[in-house]
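These notes are about the structure you will find just below.
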Amino acid sequence: MDYSRTVRAAAVQISPVLFNRDGTTEKVLQSIAQAAKEGAQIVVFPETFIPYYPYFSFVQPPVLMGKEHMRLYEEAVTVPGPVTDAVSRAARSYGMVVVLGVNERDHGSLYNTQLIFDADGTLLLKRRKITPTYHERMVWGQGDGSGLKAIDSAVGRIGALACWEHYNPLARFALMAQHEQIHCAQFPGSLVGQIFTDQIEVTIRHHALESGCFVINSTGWLSPEQVGQITTDEKLQRVLSGGCNTAIIGPEGNHLCPPITEGEGMIVADLDFSLITKRKRMMDSVGHYARPDFLQLQMNPEARTMLNAVSPDSSSQSVFPSSLASSETPLAIDT
């Protein structure tokens, strides 16, 4: 692993084109082009940005949200499909790593999915949020351990988690143990107010310190007009504000540029990988500061399959590959 390089990173705070997958995709492509003008080698977008985060599930009771849930199905992203093809072409055209959150449709289910495209356009990773949070459980299915991996890319070794997955210390440790150099975090933004902004701040800075890596965090944003499109109830509109904190954090827990906490915008910073060594020299939580003789993480990195055929010799063989299956060899973690 190279710790002598410098990578230019961009994080985008952006609003979707509500209820319009193609319109939101076009905004992603425009932002990739803008990041390229800034010299960025990696760009990170918010959680489930295409077509939009399911804000409706936060302000509507389940019995009333059927119409909006169905509309999200209609606008959701298939992987692979036209959206991933377009983003892949843009990544390849600009030689840029792209980290994008989508609502993925897999037949009759939706998932909170993180996609990582390499600089040559290859889809390196498709991972699904392990456990949707609170209201999200009415919208998305669960992911599995097959996507919980750090992967090598044109800009270094990358890991990714979505939103409150950062409150799962074992999920974070799984990526730390795989020696991520850049951690890509994604949050929805425009939720809960200032308290969520503050919580994101604590979360991403702590992970950078604990893992000794860079954190690129992207949150979405809703305009007042868009909030009115989601709900006309003024009391509920108040909870669809704040909660934005698009930031780039260094391995010592410091901001590498001013964050964005309101409105749309893009931040850019240079990631000097020698700072990873500087931090880990003092405290490497998966190296010289670890105690694997009595503290270890056990993880199942295999993809779930829904149907297995049992052969006469009693061995099991999958005959109906689930879309949860990864095309990559599962990575065993030995901490």
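Labels used: A, B, ... for chains in the order of the structure tokens, numbers from 1 for residues in each chain, and numbers from 1 for ligands as shown.
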
- Within 12 Å of A:Lys37 using only C-alpha atoms, minus same-chain residues under 2 positions, as a ChimeraX atom specification: /A:8,10,30-35,39-41,43,94-96,266,268

- Residue contacts of A:Glu136 (9 Å, only C-alpha atoms) excluding same-chain residues fewer than 6 positions away, as a list in words: Pro54, Ser57 and Phe58 of chain A

- Shell of 10 Å around A:Glu262, only C-alpha atoms, local chain residues under 6 positions omitted, as a PyMOL selection string: chain A and resi 13-14+189-190+219-223+241-246

Those residues with N, CA, C and O atoms, as an mmCIF file, in the first residue's frame please?
data_model
loop_
_atom_site.group_PDB
_atom_site.id
_atom_site.type_symbol
_atom_site.label_atom_id
_atom_site.label_comp_id
_atom_site.auth_asym_id
_atom_site.auth_seq_id
_atom_site.Cartn_x
_atom_site.Cartn_y
_atom_site.Cartn_z
ATOM 1 N N GLN A 13 -22.409 18.479 -1.581
ATOM 2 C CA GLN A 13 -23.693 18.655 -0.904
ATOM 3 C C GLN A 13 -24.668 19.168 -1.949
ATOM 4 O O GLN A 13 -24.432 20.199 -2.576
ATOM 5 N N ILE A 14 -25.760 18.451 -2.137
ATOM 6 C CA ILE A 14 -26.576 18.660 -3.321
ATOM 7 C C ILE A 14 -28.010 18.245 -3.038
ATOM 8 O O ILE A 14 -28.265 17.392 -2.188
ATOM 9 N N GLY A 189 -28.940 14.214 5.078
ATOM 10 C CA GLY A 189 -29.049 15.666 5.216
ATOM 11 C C GLY A 189 -30.504 16.102 5.304
ATOM 12 O O GLY A 189 -31.440 15.339 5.036
ATOM 13 N N SER A 190 -30.712 17.350 5.716
ATOM 14 C CA SER A 190 -32.057 17.934 5.871
ATOM 15 C C SER A 190 -32.956 17.057 6.732
ATOM 16 O O SER A 190 -34.106 16.774 6.386
ATOM 17 N N THR A 219 -23.459 14.944 2.535
ATOM 18 C CA THR A 219 -24.869 14.944 2.936
ATOM 19 C C THR A 219 -25.693 15.647 1.876
ATOM 20 O O THR A 219 -25.221 16.543 1.175
ATOM 21 N N GLY A 220 -26.958 15.254 1.790
ATOM 22 C CA GLY A 220 -27.878 15.908 0.864
ATOM 23 C C GLY A 220 -28.457 17.182 1.462
ATOM 24 O O GLY A 220 -28.189 17.532 2.616
ATOM 25 N N TRP A 221 -29.275 17.856 0.673
ATOM 26 C CA TRP A 221 -29.907 19.093 1.144
ATOM 27 C C TRP A 221 -31.223 19.279 0.415
ATOM 28 O O TRP A 221 -31.325 19.009 -0.796
ATOM 29 N N LEU A 222 -32.237 19.746 1.151
ATOM 30 C CA LEU A 222 -33.531 20.073 0.573
ATOM 31 C C LEU A 222 -33.769 21.571 0.649
ATOM 32 O O LEU A 222 -33.533 22.198 1.690
ATOM 33 N N SER A 223 -34.243 22.148 -0.438
ATOM 34 C CA SER A 223 -34.646 23.550 -0.424
ATOM 35 C C SER A 223 -35.986 23.676 0.297
ATOM 36 O O SER A 223 -36.721 22.682 0.433
ATOM 37 N N SER A 241 -35.074 19.847 8.117
ATOM 38 C CA SER A 241 -34.115 20.950 7.966
ATOM 39 C C SER A 241 -32.882 20.634 8.796
ATOM 40 O O SER A 241 -32.892 19.775 9.676
ATOM 41 N N GLY A 242 -31.800 21.366 8.510
ATOM 42 C CA GLY A 242 -30.559 21.123 9.236
ATOM 43 C C GLY A 242 -29.999 19.745 8.917
ATOM 44 O O GLY A 242 -30.304 19.130 7.898
ATOM 45 N N GLY A 243 -29.173 19.232 9.800
ATOM 46 C CA GLY A 243 -28.637 17.880 9.638
ATOM 47 C C GLY A 243 -27.688 17.723 8.472
ATOM 48 O O GLY A 243 -27.495 16.613 7.972
ATOM 49 N N CYS A 244 -27.068 18.827 8.032
ATOM 50 C CA CYS A 244 -26.120 18.768 6.910
ATOM 51 C C CYS A 244 -24.707 19.024 7.432
ATOM 52 O O CYS A 244 -24.496 19.930 8.248
ATOM 53 N N ASN A 245 -23.771 18.245 6.946
ATOM 54 C CA ASN A 245 -22.377 18.434 7.366
ATOM 55 C C ASN A 245 -21.472 17.737 6.357
ATOM 56 O O ASN A 245 -20.946 16.653 6.610
ATOM 57 N N THR A 246 -21.303 18.348 5.208
ATOM 58 C CA THR A 246 -20.420 17.810 4.185
ATOM 59 C C THR A 246 -19.001 18.256 4.514
ATOM 60 O O THR A 246 -18.729 19.448 4.623
#

- Message: Can you measure atom CA of A:His207 to atom CA of A:Thr48 for me? One decimal in Å is fine.
- Response: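 A separation of 21.3 Å between them.
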
- Message: as a VMD selection string, please: the residues near A:Ala119 (cut-off 10 Å, only C-alpha atoms, same-chain neighbours under 4 positions excluded).
- Response: chain A and resid 41 to 42 88 to 98 123 to 124 153 to 155

With C-alpha atoms retained, write the just-selected residues as a PDB file, in the first residue's frame.
ATOM      1  CA  GLN A  41      -9.560  12.236  -8.329  1.00  0.00           C
ATOM      2  CA  ILE A  42     -12.420  11.021  -6.127  1.00  0.00           C
ATOM      3  CA  SER A  88     -19.511   4.551 -15.247  1.00  0.00           C
ATOM      4  CA  ARG A  89     -18.966   6.460 -18.490  1.00  0.00           C
ATOM      5  CA  ALA A  90     -18.450   9.707 -16.585  1.00  0.00           C
ATOM      6  CA  ALA A  91     -15.969   8.105 -14.165  1.00  0.00           C
ATOM      7  CA  ARG A  92     -14.013   6.677 -17.081  1.00  0.00           C
ATOM      8  CA  SER A  93     -14.163   9.912 -19.083  1.00  0.00           C
ATOM      9  CA  TYR A  94     -12.702  11.981 -16.245  1.00  0.00           C
ATOM     10  CA  GLY A  95     -10.493   9.282 -14.728  1.00  0.00           C
ATOM     11  CA  MET A  96     -12.257   9.732 -11.390  1.00  0.00           C
ATOM     12  CA  VAL A  97     -13.385   7.439  -8.588  1.00  0.00           C
ATOM     13  CA  VAL A  98     -17.086   8.039  -7.895  1.00  0.00           C
ATOM     14  CA  LEU A 123     -18.066  -0.893 -10.615  1.00  0.00           C
ATOM     15  CA  LEU A 124     -15.744  -2.024  -7.835  1.00  0.00           C
ATOM     16  CA  SER A 153      -8.935   1.662  -6.260  1.00  0.00           C
ATOM     17  CA  ALA A 154      -7.054   4.172  -8.374  1.00  0.00           C
ATOM     18  CA  VAL A 155      -6.876   6.506  -5.349  1.00  0.00           C
TER      19      VAL A 155
END

- Task: Could you check which of A:Leu175, A:Ala208, A:Ile249, A:Cys213 is closest to A:Thr277, using only C-alpha atoms?
- Result: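 Ranked by minimum distance to A:Thr277, first place goes to A:Cys213.
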
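Our summary of the geometry notes that atom CA of A:Ala185 is positioned 22.4 Å from atom CA of A:Phe56.
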
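Of note, atom CA of A:Thr25 and atom CA of A:Val83 are spaced 6.9 Å apart.
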
- Item | Residue contacts of A:Gln178 (12 Å, only C-alpha atoms) excluding same-chain residues fewer than 5 positions away, as a ChimeraX atom specification | /A:1,148-152,157-160,171-173,183,211,213,285-287,297,331-335

Could you save the residues just selected, with N, CA, C and O atoms, as a CSV table (one decimal), in the first residue's frame?
chain,number,residue,atom,x,y,z
A,1,MET,N,0.8,-1.2,0.0
A,1,MET,CA,0.0,0.0,0.0
A,1,MET,C,0.9,1.2,0.0
A,1,MET,O,1.9,1.3,0.7
A,148,LEU,N,-19.2,-5.5,3.1
A,148,LEU,CA,-18.5,-4.9,4.2
A,148,LEU,C,-17.0,-5.1,4.0
A,148,LEU,O,-16.4,-5.9,4.7
A,149,LYS,N,-16.4,-4.4,3.0
A,149,LYS,CA,-15.0,-4.6,2.7
A,149,LYS,C,-14.4,-3.3,2.2
A,149,LYS,O,-15.0,-2.4,1.7
A,150,ALA,N,-13.1,-3.2,2.4
A,150,ALA,CA,-12.3,-2.1,1.9
A,150,ALA,C,-11.7,-2.7,0.6
A,150,ALA,O,-11.2,-3.8,0.5
A,151,ILE,N,-11.7,-1.8,-0.4
A,151,ILE,CA,-11.3,-2.2,-1.8
A,151,ILE,C,-10.2,-1.3,-2.3
A,151,ILE,O,-10.1,-0.1,-2.0
A,152,ASP,N,-9.3,-1.9,-3.1
A,152,ASP,CA,-8.3,-1.1,-3.8
A,152,ASP,C,-8.8,-0.4,-5.0
A,152,ASP,O,-9.6,-1.0,-5.8
A,157,ARG,N,-7.0,2.6,-1.0
A,157,ARG,CA,-7.9,1.6,-0.4
A,157,ARG,C,-9.1,2.3,0.3
A,157,ARG,O,-8.9,3.1,1.2
A,158,ILE,N,-10.3,2.0,-0.2
A,158,ILE,CA,-11.5,2.7,0.1
A,158,ILE,C,-12.5,1.8,0.9
A,158,ILE,O,-12.7,0.6,0.5
A,159,GLY,N,-13.1,2.3,1.9
A,159,GLY,CA,-14.2,1.7,2.6
A,159,GLY,C,-15.4,2.7,2.7
A,159,GLY,O,-15.2,3.9,2.5
A,160,ALA,N,-16.6,2.2,2.9
A,160,ALA,CA,-17.8,3.0,2.9
A,160,ALA,C,-18.8,2.5,3.8
A,160,ALA,O,-19.0,1.3,3.9
A,171,ALA,N,-19.0,-2.8,12.6
A,171,ALA,CA,-19.0,-2.5,11.2
A,171,ALA,C,-17.8,-1.6,10.8
A,171,ALA,O,-17.1,-1.9,9.9
A,172,ARG,N,-17.6,-0.6,11.6
A,172,ARG,CA,-16.5,0.3,11.4
A,172,ARG,C,-15.1,-0.4,11.6
A,172,ARG,O,-14.2,-0.3,10.8
A,173,PHE,N,-15.1,-1.3,12.6
A,173,PHE,CA,-13.8,-2.0,12.9
A,173,PHE,C,-13.5,-3.0,11.7
A,173,PHE,O,-12.3,-3.2,11.4
A,183,HIS,N,-12.1,6.7,3.9
A,183,HIS,CA,-13.4,6.2,4.3
A,183,HIS,C,-14.4,7.2,3.7
A,183,HIS,O,-14.4,8.4,3.9
A,211,SER,N,-9.5,5.2,13.2
A,211,SER,CA,-9.0,4.4,12.1
A,211,SER,C,-7.7,4.9,11.5
A,211,SER,O,-7.0,4.1,10.8
A,213,CYS,N,-7.5,7.2,9.2
A,213,CYS,CA,-7.7,7.3,7.7
A,213,CYS,C,-8.3,8.7,7.5
A,213,CYS,O,-8.7,9.4,8.4
A,285,SER,N,-5.0,1.1,15.8
A,285,SER,CA,-5.9,0.3,16.5
A,285,SER,C,-6.1,-1.1,15.9
A,285,SER,O,-6.8,-1.9,16.6
A,286,VAL,N,-5.6,-1.3,14.7
A,286,VAL,CA,-5.6,-2.7,14.2
A,286,VAL,C,-4.2,-3.2,14.0
A,286,VAL,O,-4.0,-4.1,13.2
A,287,GLY,N,-3.3,-2.6,14.7
A,287,GLY,CA,-1.9,-3.0,14.6
A,287,GLY,C,-1.2,-3.1,16.0
A,287,GLY,O,-1.7,-3.8,16.9
A,297,LEU,N,-12.6,-9.6,16.2
A,297,LEU,CA,-13.8,-9.5,15.5
A,297,LEU,C,-14.1,-10.7,14.6
A,297,LEU,O,-13.2,-11.1,13.8
A,331,LEU,N,-14.0,-11.7,1.4
A,331,LEU,CA,-12.8,-11.4,2.1
A,331,LEU,C,-12.8,-11.8,3.6
A,331,LEU,O,-13.7,-11.3,4.3
A,332,ALA,N,-12.0,-12.7,4.0
A,332,ALA,CA,-12.0,-13.1,5.4
A,332,ALA,C,-11.1,-12.1,6.1
A,332,ALA,O,-10.1,-11.6,5.6
A,333,ILE,N,-11.6,-11.8,7.3
A,333,ILE,CA,-10.9,-10.8,8.2
A,333,ILE,C,-10.2,-11.5,9.3
A,333,ILE,O,-10.9,-12.2,10.1
A,334,ASP,N,-9.0,-11.4,9.4
A,334,ASP,CA,-8.2,-11.9,10.6
A,334,ASP,C,-7.6,-10.7,11.3
A,334,ASP,O,-6.6,-10.1,10.8
A,335,THR,N,-8.1,-10.3,12.4
A,335,THR,CA,-7.6,-9.2,13.1
A,335,THR,C,-6.6,-9.6,14.2
A,335,THR,O,-6.2,-8.8,15.0

- Query: Among stretch 19-267 of chain A, which residues carry a DSSP assignment of strand (DSSP E), reported as a VMD selection string?
  - Reply: chain A and resid 42 to 44 97 to 106 109 to 117 123 to 128 151 to 153 156 to 162 182 to 187 214 to 219 247 to 249 265 to 267

- Task: Report as a ChimeraX atom specification: the residues of stretch 50-226 of chain A with a DSSP assignment of alpha helix (DSSP H), based on the backbone of this structure.
- Result: /A:56-59,66-75,82-94,169-176,194-211,224-226

- Message: Give me the residues near A:Lys129 as a PyMOL selection string, where near means some atom within 7 Å (using only C-alpha atoms) and where sequence neighbours in that chain fewer than 5 positions away do not count.
- Response: chain A and resi 112-113+142-143+162

Can you spit out the residues from that selection as a PDB file, in the first residue's frame, using N, CA and C atoms?
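Below you can see out-v9.pdb, which holds the result:
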ATOM      1  N   ASN A 112     -30.888   0.352   0.401  1.00  0.00           N
ATOM      2  CA  ASN A 112     -29.986   1.496   0.522  1.00  0.00           C
ATOM      3  C   ASN A 112     -28.608   1.012   0.088  1.00  0.00           C
ATOM      4  N   THR A 113     -28.174   1.428  -1.095  1.00  0.00           N
ATOM      5  CA  THR A 113     -26.989   0.842  -1.716  1.00  0.00           C
ATOM      6  C   THR A 113     -25.926   1.898  -1.979  1.00  0.00           C
ATOM      7  N   GLN A 142     -32.569  -5.520   4.205  1.00  0.00           N
ATOM      8  CA  GLN A 142     -31.283  -5.562   4.900  1.00  0.00           C
ATOM      9  C   GLN A 142     -30.170  -6.028   3.967  1.00  0.00           C
ATOM     10  N   GLY A 143     -28.977  -5.503   4.198  1.00  0.00           N
ATOM     11  CA  GLY A 143     -27.800  -5.964   3.492  1.00  0.00           C
ATOM     12  C   GLY A 143     -27.157  -7.135   4.219  1.00  0.00           C
ATOM     13  N   ALA A 162     -22.938   3.900   5.423  1.00  0.00           N
ATOM     14  CA  ALA A 162     -24.024   4.868   5.260  1.00  0.00           C
ATOM     15  C   ALA A 162     -24.611   5.238   6.614  1.00  0.00           C
TER      16      ALA A 162
END

- If you count only C-alpha atoms, which residues fall within 9 Å of A:Val59, apart from same-chain ones fewer than 4 positions away, as a ChimeraX atom specification? /A:55,230-231,236-237,239-240

- Task: Choose the residue, out of A:Leu18, A:Leu256, A:Leu125, A:Val227, that has the smallest atom-to-atom separation from A:Arg205; count only C-alpha atoms.
- Result: A:Leu256

- For A:Val139, which of A:Ile182, A:Ala76, A:Ala86, A:Leu100 is the closest residue, counting only C-alpha atoms?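 Ranked by minimum distance to A:Val139, first place goes to A:Ala76.
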
- Between A:Gly145, A:Pro51, A:Gly121, A:Pro312, which one has atoms that come closest to A:Val77, using only C-alpha atoms? A:Pro51
